[in-house]
Amino acid sequence: MRQDLLEFVKAAIRNPMEVASVFPTSRALAERMLNLVDLERPGKVAEVGVGTGAITKYIAPRLKDSKRYIGVELNSDMVHYMRQTFPELHFEEAPAESLAQLTGGERVTTVVSSLPWTVFSPELQKRTLTGIHDALAENGRFVTYVCLNAAWYPQAQHFGGLLNGMFRSVTKSPIEWKNVPPAFVYLCTK
Ligand SMILES: C[S@@+](CC[C@H](N)C(=O)[O-])C[C@H]1O[C@@H](n2cnc3c(N)ncnc32)[C@H](O)[C@@H]1O
């Protein structure tokens with residue numbers, strides 16, 4: 001098994017309520033998300049819930065300057081793996097809700113998330129989304145996804161409501177069927 005997959009599956013088994021999936025994001029879904037944002041726009045690019053880099057590997061080649069990137073991940077084994085795999089990128093072992101503190105007032109123009117929103121409690125959803133929103137510059141873009149199998153959970157409905165209450169504009173993509181499970185993407189503008 002590929003090293004990134006092995007690390008991901010190990011973490012998923014040890015921390016099912018944090019990783020919440022045994023399948024990393026597919027290339028099709030990662031590209032669908034990244035095609036909605038402009039990674040060349042001046043300012044920081046933050047990725048939250050980096051895991052073992054399923055999306056990071058498509059972000060890295062699109063960055064003109066790797067110093068503009070910050071990756072945030074709760075799981076220390078994954079952070080260790082990511083620091084070894086992408087030595088040119090900066091990773092913080094921290095909860096995504098602390099993004100505004102981690103970026104210390106720097107202008108963040110894009111946040112890419114694969115956080116498992118539908119296993120988060122309503123309180124954790126709100127704290128985390130507030131941390132992301134606070135970190136984003138005006139007109140900054142936040143892109144994230146929800147898997148179809150969880151889209152009818154109350155947590156998914158709650159999450160959608162929070163997005164609509166917090167962001168100036170929120171759009172939903174068509175379903176990406178080439179992901180396991182299929183998922184749709186939210187694109188939010190502050
Ligand atoms: C569904 S996995 C996605 C991993 C990878 N980015 C991908 O796309 O396959 C969710 C990741 O978010 C991390 N995570 C969960 N809660 C978090 C939080 N509050 N702050 C930061 N990372 C978190 C998990 O450890 C896991 O690596």
# chains A, B, ... in the order shown; residues from 1 in each chain; ligands from 1
$ select_by_dssp --residues "chain A" --states "helix (DSSP H, G or I)" --output "number ranges by chain"
A: 3-14, 16-19, 27-34, 56-62, 66-68, 76-85, 96-103, 117-119, 122-135, 148-150, 154-166
$ closest_atom_pairs --of "chain A" --to "ligand 1" --cutoff "9 Å" --atoms "only C-alpha atoms and all ligand atoms" --output "JSON lines"
{"residue": "A:Phe8", "atom": "CA", "partner": "ligand 1", "partner_atom_place_in_ligand_line": "27 (O)", "distance": 7.5}
{"residue": "A:Ala11", "atom": "CA", "partner": "ligand 1", "partner_atom_place_in_ligand_line": "25 (O)", "distance": 7.4}
{"residue": "A:Ala12", "atom": "CA", "partner": "ligand 1", "partner_atom_place_in_ligand_line": "26 (C)", "distance": 7.8}
{"residue": "A:Asn15", "atom": "CA", "partner": "ligand 1", "partner_atom_place_in_ligand_line": "25 (O)", "distance": 7.5}
{"residue": "A:Pro16", "atom": "CA", "partner": "ligand 1", "partner_atom_place_in_ligand_line": "24 (C)", "distance": 8.9}
{"residue": "A:Met17", "atom": "CA", "partner": "ligand 1", "partner_atom_place_in_ligand_line": "15 (C)", "distance": 7.8}
{"residue": "A:Glu18", "atom": "CA", "partner": "ligand 1", "partner_atom_place_in_ligand_line": "15 (C)", "distance": 4.2}
{"residue": "A:Val19", "atom": "CA", "partner": "ligand 1", "partner_atom_place_in_ligand_line": "26 (C)", "distance": 4.0}
{"residue": "A:Ala20", "atom": "CA", "partner": "ligand 1", "partner_atom_place_in_ligand_line": "1 (C)", "distance": 5.6}
{"residue": "A:Ser21", "atom": "CA", "partner": "ligand 1", "partner_atom_place_in_ligand_line": "1 (C)", "distance": 5.3}
{"residue": "A:Val22", "atom": "CA", "partner": "ligand 1", "partner_atom_place_in_ligand_line": "1 (C)", "distance": 7.9}
{"residue": "A:Phe23", "atom": "CA", "partner": "ligand 1", "partner_atom_place_in_ligand_line": "9 (O)", "distance": 6.6}
{"residue": "A:Pro24", "atom": "CA", "partner": "ligand 1", "partner_atom_place_in_ligand_line": "9 (O)", "distance": 3.2}
{"residue": "A:Thr25", "atom": "CA", "partner": "ligand 1", "partner_atom_place_in_ligand_line": "9 (O)", "distance": 4.0}
{"residue": "A:Ser26", "atom": "CA", "partner": "ligand 1", "partner_atom_place_in_ligand_line": "9 (O)", "distance": 7.4}
{"residue": "A:Leu29", "atom": "CA", "partner": "ligand 1", "partner_atom_place_in_ligand_line": "8 (O)", "distance": 8.9}
{"residue": "A:Ala30", "atom": "CA", "partner": "ligand 1", "partner_atom_place_in_ligand_line": "8 (O)", "distance": 7.5}
{"residue": "A:Glu47", "atom": "CA", "partner": "ligand 1", "partner_atom_place_in_ligand_line": "6 (N)", "distance": 8.2}
{"residue": "A:Val48", "atom": "CA", "partner": "ligand 1", "partner_atom_place_in_ligand_line": "21 (C)", "distance": 5.7}
{"residue": "A:Gly49", "atom": "CA", "partner": "ligand 1", "partner_atom_place_in_ligand_line": "12 (O)", "distance": 3.4}
{"residue": "A:Val50", "atom": "CA", "partner": "ligand 1", "partner_atom_place_in_ligand_line": "6 (N)", "distance": 3.9}
{"residue": "A:Gly51", "atom": "CA", "partner": "ligand 1", "partner_atom_place_in_ligand_line": "27 (O)", "distance": 3.3}
{"residue": "A:Thr52", "atom": "CA", "partner": "ligand 1", "partner_atom_place_in_ligand_line": "5 (C)", "distance": 5.8}
{"residue": "A:Gly53", "atom": "CA", "partner": "ligand 1", "partner_atom_place_in_ligand_line": "6 (N)", "distance": 5.6}
{"residue": "A:Ala54", "atom": "CA", "partner": "ligand 1", "partner_atom_place_in_ligand_line": "7 (C)", "distance": 4.7}
{"residue": "A:Ile55", "atom": "CA", "partner": "ligand 1", "partner_atom_place_in_ligand_line": "8 (O)", "distance": 5.2}
{"residue": "A:Thr56", "atom": "CA", "partner": "ligand 1", "partner_atom_place_in_ligand_line": "6 (N)", "distance": 7.3}
{"residue": "A:Val72", "atom": "CA", "partner": "ligand 1", "partner_atom_place_in_ligand_line": "21 (C)", "distance": 5.7}
{"residue": "A:Glu73", "atom": "CA", "partner": "ligand 1", "partner_atom_place_in_ligand_line": "22 (N)", "distance": 3.9}
{"residue": "A:Leu74", "atom": "CA", "partner": "ligand 1", "partner_atom_place_in_ligand_line": "22 (N)", "distance": 4.3}
{"residue": "A:Asn75", "atom": "CA", "partner": "ligand 1", "partner_atom_place_in_ligand_line": "25 (O)", "distance": 4.8}
{"residue": "A:Ser76", "atom": "CA", "partner": "ligand 1", "partner_atom_place_in_ligand_line": "25 (O)", "distance": 8.5}
{"residue": "A:Met78", "atom": "CA", "partner": "ligand 1", "partner_atom_place_in_ligand_line": "27 (O)", "distance": 6.9}
{"residue": "A:Val79", "atom": "CA", "partner": "ligand 1", "partner_atom_place_in_ligand_line": "27 (O)", "distance": 8.9}
{"residue": "A:Glu93", "atom": "CA", "partner": "ligand 1", "partner_atom_place_in_ligand_line": "21 (C)", "distance": 7.8}
{"residue": "A:Ala94", "atom": "CA", "partner": "ligand 1", "partner_atom_place_in_ligand_line": "21 (C)", "distance": 6.1}
{"residue": "A:Pro95", "atom": "CA", "partner": "ligand 1", "partner_atom_place_in_ligand_line": "20 (N)", "distance": 3.5}
{"residue": "A:Ala96", "atom": "CA", "partner": "ligand 1", "partner_atom_place_in_ligand_line": "20 (N)", "distance": 3.9}
{"residue": "A:Glu97", "atom": "CA", "partner": "ligand 1", "partner_atom_place_in_ligand_line": "19 (N)", "distance": 6.5}
{"residue": "A:Ser98", "atom": "CA", "partner": "ligand 1", "partner_atom_place_in_ligand_line": "20 (N)", "distance": 8.4}
{"residue": "A:Ser113", "atom": "CA", "partner": "ligand 1", "partner_atom_place_in_ligand_line": "6 (N)", "distance": 7.3}
{"residue": "A:Ser114", "atom": "CA", "partner": "ligand 1", "partner_atom_place_in_ligand_line": "3 (C)", "distance": 4.8}
{"residue": "A:Leu115", "atom": "CA", "partner": "ligand 1", "partner_atom_place_in_ligand_line": "12 (O)", "distance": 4.5}
{"residue": "A:Pro116", "atom": "CA", "partner": "ligand 1", "partner_atom_place_in_ligand_line": "1 (C)", "distance": 5.2}
{"residue": "A:Trp117", "atom": "CA", "partner": "ligand 1", "partner_atom_place_in_ligand_line": "16 (N)", "distance": 8.3}
{"residue": "A:Phe120", "atom": "CA", "partner": "ligand 1", "partner_atom_place_in_ligand_line": "16 (N)", "distance": 8.0}
{"residue": "A:Leu124", "atom": "CA", "partner": "ligand 1", "partner_atom_place_in_ligand_line": "19 (N)", "distance": 7.7}
{"residue": "A:Gln125", "atom": "CA", "partner": "ligand 1", "partner_atom_place_in_ligand_line": "19 (N)", "distance": 8.8}
{"residue": "A:Thr128", "atom": "CA", "partner": "ligand 1", "partner_atom_place_in_ligand_line": "19 (N)", "distance": 6.8}
$ closest_residue --among "A:His90, A:Lys64, A:His80, A:Arg41" --to "A:Arg141" --atoms "only C-alpha atoms"
A:Arg41
$ select_by_dssp --residues "chain A" --states "strand (DSSP E)" --output "count of residues only"
43
$ residues_around --residues "A:Val143" --least-positions-apart "4" --cutoff "6 Å" --atoms "only C-alpha atoms" --output "ChimeraX atom specification"
/A:112,186-187
$ atom_distance --atom1 "atom CA of A:Gly104" --atom2 "atom CA of A:Leu162"
24.2 Å
